Amino acid sequence: MGCISKYGLFLVNSAIIFMGVTVVGVAAAILQQDTLFGVLLSKVFYSVPLSALIAGLFLTFLGVLGCWGALKEDTCILKLYAVIVAMLLLLVVTVGVMLLVFTAGTAAFLISNMKIIFNEYGGEDEHITNDIDFIQHNTHCCGIYGYKDWVDFNYGNGTSVADGCCKNETVGCGVDLLENPNVEDLVYTAGCLVFLTSAFNSVCIALGVITLILAGIQILSISWVCIIIRDAASYHRLIE
């Protein structure tokens with residue numbers, strides 16, 4: 001049983017390292033400013049993937065600690081490993097549940113942020129303008145619910161759409177386009193909300209599931225650590 005626990009703990013923690021790195025990678029991708037979501041997410045919205053990123057880093061560290069402790073059968077390291085895992089287990093479960101539940105409010109958060117950001121289109125920050133054009137043109141969408149949303153945004157005094165809305169995108173192609181009777185043939189008419197909500201929900205659900213799986217594996221790891229420590233204590237009593 002001790003041998004099974006030792007190598008089982010090593011294999012499980014090797015998997016934890018891999019999965020922890022995966023969580024870190026996915027969460028870091030969301031946090032990158034140049035991603036599809038970067039320009040639309042507020043600091044509050046960033047707290048969810050940031051929590052997953054921190055949890056992933058901790059789990060990766062713990063995976064390395066568990067592998068080392070299992071191979072060396074170092075009871076001090078294993079005890080430290082078990083204590084840290086127990087302390088972080090609640091955090092990991094909380095983050096996982098938060099990621100899964102968070103999807104219920106995705107649309108409301110996105111709408112709020114999209115209104116703010118779209119009103120900054122064409123302003124002093126060219127980075128925001130370029131990002132909005134990139135998002136709309138590459139996802140074939142325009143506005144929040146549809147291209148007519150641009151009537152209510154600051155850009156173009158209610159007569160223009162973002163250049164990224166144009167099917168044939170060129171600089172200034174969206175100017176006064178809302179007054180063109182053939183506007184629906186020239187721009188993408190569908191809104192961006194449905195696509196962005198679906199895409200972000202998929203990422204959050206994936207992160208949540210991975211994080212909860214990691215929590216389950218950590219519980220199994222703690223059990224094996226206890227078995228290894230117990231067997232080590234029995235061995236020392238026999239040789240004394």
# chains A, B, ... in the order shown; residues from 1 in each chain; ligands from 1

$ residues_around --residues "Trp68 (chain A)" --least-positions-apart "4" --cutoff "9 Å" --atoms "only C-alpha atoms" --output "JSON, numbers by chain"
{"A": [10, 63, 64, 72, 73, 74, 77, 78]}

$ write_last_selection --atoms "all heavy atoms" --output "CSV table (one decimal), in the first residue's frame"
chain,number,residue,atom,x,y,z
A,10,PHE,N,3.2,10.5,-6.7
A,10,PHE,CA,4.1,11.1,-7.7
A,10,PHE,C,3.4,11.4,-9.0
A,10,PHE,O,3.4,12.4,-9.6
A,10,PHE,CB,5.3,10.3,-7.9
A,10,PHE,CG,6.2,10.7,-9.0
A,10,PHE,CD1,7.1,11.8,-8.8
A,10,PHE,CD2,6.2,10.2,-10.3
A,10,PHE,CE1,7.9,12.3,-9.8
A,10,PHE,CE2,7.0,10.7,-11.3
A,10,PHE,CZ,7.9,11.7,-11.1
A,63,GLY,N,2.4,20.8,-6.7
A,63,GLY,CA,2.7,19.5,-7.5
A,63,GLY,C,4.1,19.2,-7.5
A,63,GLY,O,4.5,18.0,-7.3
A,64,VAL,N,5.0,20.2,-7.6
A,64,VAL,CA,6.4,20.0,-7.5
A,64,VAL,C,6.8,19.5,-6.1
A,64,VAL,O,7.6,18.6,-6.0
A,64,VAL,CB,7.2,21.3,-7.9
A,64,VAL,CG1,8.7,21.1,-7.7
A,64,VAL,CG2,6.9,21.7,-9.4
A,72,LYS,N,11.4,11.2,-2.4
A,72,LYS,CA,12.3,11.2,-1.3
A,72,LYS,C,11.8,10.6,0.0
A,72,LYS,O,12.5,10.3,0.9
A,72,LYS,CB,12.9,12.6,-1.0
A,72,LYS,CG,13.6,13.2,-2.2
A,72,LYS,CD,14.9,12.4,-2.5
A,72,LYS,CE,15.7,13.1,-3.6
A,72,LYS,NZ,16.9,12.4,-4.0
A,73,GLU,N,10.4,10.5,0.0
A,73,GLU,CA,9.7,10.0,1.2
A,73,GLU,C,10.1,10.8,2.4
A,73,GLU,O,10.3,10.3,3.5
A,73,GLU,CB,10.0,8.5,1.4
A,73,GLU,CG,9.4,7.6,0.4
A,73,GLU,CD,9.5,6.1,0.7
A,73,GLU,OE1,9.4,5.8,1.9
A,73,GLU,OE2,9.6,5.3,-0.2
A,74,ASP,N,10.2,12.1,2.2
A,74,ASP,CA,10.6,13.1,3.2
A,74,ASP,C,9.4,13.5,4.0
A,74,ASP,O,8.5,14.2,3.4
A,74,ASP,CB,11.3,14.3,2.6
A,74,ASP,CG,11.9,15.2,3.6
A,74,ASP,OD1,11.3,15.4,4.6
A,74,ASP,OD2,13.0,15.7,3.3
A,77,ILE,N,8.7,17.3,4.3
A,77,ILE,CA,8.2,17.9,3.1
A,77,ILE,C,6.7,17.5,2.9
A,77,ILE,O,5.8,18.3,2.5
A,77,ILE,CB,9.0,17.6,1.9
A,77,ILE,CG1,10.4,18.2,2.0
A,77,ILE,CG2,8.3,18.0,0.6
A,77,ILE,CD1,11.3,17.9,0.8
A,78,LEU,N,6.4,16.2,3.1
A,78,LEU,CA,5.1,15.7,2.9
A,78,LEU,C,4.1,16.4,3.9
A,78,LEU,O,2.9,16.7,3.5
A,78,LEU,CB,5.1,14.2,3.1
A,78,LEU,CG,5.7,13.4,1.9
A,78,LEU,CD1,5.8,11.9,2.3
A,78,LEU,CD2,5.0,13.6,0.6

$ closest_atom_pairs --of "region 72-159 of chain A" --to "region 167-177 of chain A" --cutoff "9 Å" --atoms "only C-alpha atoms" --output "JSON lines"
{"residue": "A:His137", "atom": "CA", "partner": "A:Lys167", "partner_atom": "CA", "distance": 7.3}
{"residue": "A:His140", "atom": "CA", "partner": "A:Lys167", "partner_atom": "CA", "distance": 7.9}
{"residue": "A:Gly156", "atom": "CA", "partner": "A:Val175", "partner_atom": "CA", "distance": 6.8}
{"residue": "A:Asn157", "atom": "CA", "partner": "A:Asp176", "partner_atom": "CA", "distance": 8.9}
{"residue": "A:Gly158", "atom": "CA", "partner": "A:Asp176", "partner_atom": "CA", "distance": 8.3}
{"residue": "A:Thr159", "atom": "CA", "partner": "A:Asp176", "partner_atom": "CA", "distance": 4.7}

$ select_by_dssp --residues "region 94-210 of chain A" --states "helix (DSSP H, G or I)" --output "number ranges by chain"
A: 94-118, 126-139, 147-151, 155-158, 163-165, 177-179, 183-186, 193-210

$ select_by_dssp --residues "region 5-235 of chain A" --states "strand (DSSP E or B)" --output "list in words"
Gly146, Cys166, Val187 and Ala190 of chain A

$ closest_atom_pairs --of "region 97-150 of chain A" --to "region 192-204 of chain A" --cutoff "12 Å" --atoms "only C-alpha atoms" --output "JSON lines"
{"residue": "A:Val97", "atom": "CA", "partner": "A:Cys204", "partner_atom": "CA", "distance": 10.3}
{"residue": "A:Met98", "atom": "CA", "partner": "A:Cys204", "partner_atom": "CA", "distance": 9.2}
{"residue": "A:Leu99", "atom": "CA", "partner": "A:Cys204", "partner_atom": "CA", "distance": 5.5}
{"residue": "A:Leu100", "atom": "CA", "partner": "A:Cys204", "partner_atom": "CA", "distance": 6.6}
{"residue": "A:Val101", "atom": "CA", "partner": "A:Cys204", "partner_atom": "CA", "distance": 9.2}
{"residue": "A:Phe102", "atom": "CA", "partner": "A:Cys204", "partner_atom": "CA", "distance": 7.8}
{"residue": "A:Thr103", "atom": "CA", "partner": "A:Asn201", "partner_atom": "CA", "distance": 5.5}
{"residue": "A:Ala104", "atom": "CA", "partner": "A:Asn201", "partner_atom": "CA", "distance": 8.7}
{"residue": "A:Gly105", "atom": "CA", "partner": "A:Thr197", "partner_atom": "CA", "distance": 9.7}
{"residue": "A:Thr106", "atom": "CA", "partner": "A:Thr197", "partner_atom": "CA", "distance": 6.3}
{"residue": "A:Ala107", "atom": "CA", "partner": "A:Thr197", "partner_atom": "CA", "distance": 5.9}
{"residue": "A:Ala108", "atom": "CA", "partner": "A:Thr197", "partner_atom": "CA", "distance": 9.5}
{"residue": "A:Phe109", "atom": "CA", "partner": "A:Thr197", "partner_atom": "CA", "distance": 9.6}
{"residue": "A:Leu110", "atom": "CA", "partner": "A:Thr197", "partner_atom": "CA", "distance": 7.4}
{"residue": "A:Ile111", "atom": "CA", "partner": "A:Leu193", "partner_atom": "CA", "distance": 7.3}
{"residue": "A:Ser112", "atom": "CA", "partner": "A:Leu193", "partner_atom": "CA", "distance": 10.9}
{"residue": "A:Asn113", "atom": "CA", "partner": "A:Leu193", "partner_atom": "CA", "distance": 11.0}
{"residue": "A:Met114", "atom": "CA", "partner": "A:Leu193", "partner_atom": "CA", "distance": 8.7}
{"residue": "A:Lys115", "atom": "CA", "partner": "A:Leu193", "partner_atom": "CA", "distance": 11.0}
{"residue": "A:Phe118", "atom": "CA", "partner": "A:Cys192", "partner_atom": "CA", "distance": 11.6}
{"residue": "A:Ile132", "atom": "CA", "partner": "A:Cys192", "partner_atom": "CA", "distance": 10.5}
{"residue": "A:Asp133", "atom": "CA", "partner": "A:Cys192", "partner_atom": "CA", "distance": 11.7}
{"residue": "A:Phe134", "atom": "CA", "partner": "A:Cys192", "partner_atom": "CA", "distance": 11.9}
{"residue": "A:Ile135", "atom": "CA", "partner": "A:Cys192", "partner_atom": "CA", "distance": 8.4}
{"residue": "A:Gln136", "atom": "CA", "partner": "A:Cys192", "partner_atom": "CA", "distance": 7.0}
{"residue": "A:His137", "atom": "CA", "partner": "A:Cys192", "partner_atom": "CA", "distance": 10.2}
{"residue": "A:Asn138", "atom": "CA", "partner": "A:Cys192", "partner_atom": "CA", "distance": 10.7}
{"residue": "A:Thr139", "atom": "CA", "partner": "A:Cys192", "partner_atom": "CA", "distance": 7.6}
{"residue": "A:His140", "atom": "CA", "partner": "A:Cys192", "partner_atom": "CA", "distance": 8.1}
{"residue": "A:Cys141", "atom": "CA", "partner": "A:Cys192", "partner_atom": "CA", "distance": 5.0}
{"residue": "A:Cys142", "atom": "CA", "partner": "A:Cys192", "partner_atom": "CA", "distance": 6.0}
{"residue": "A:Gly143", "atom": "CA", "partner": "A:Cys192", "partner_atom": "CA", "distance": 6.0}
{"residue": "A:Ile144", "atom": "CA", "partner": "A:Cys192", "partner_atom": "CA", "distance": 5.2}
{"residue": "A:Tyr145", "atom": "CA", "partner": "A:Leu193", "partner_atom": "CA", "distance": 6.2}
{"residue": "A:Gly146", "atom": "CA", "partner": "A:Cys192", "partner_atom": "CA", "distance": 7.4}
{"residue": "A:Tyr147", "atom": "CA", "partner": "A:Cys192", "partner_atom": "CA", "distance": 9.3}
{"residue": "A:Asp149", "atom": "CA", "partner": "A:Cys192", "partner_atom": "CA", "distance": 10.8}

$ closest_residue --among "A:Thr189, A:Thr60, A:Asn13, A:Thr22" --to "Gly164 (chain A)" --atoms "only C-alpha atoms"
A:Thr189
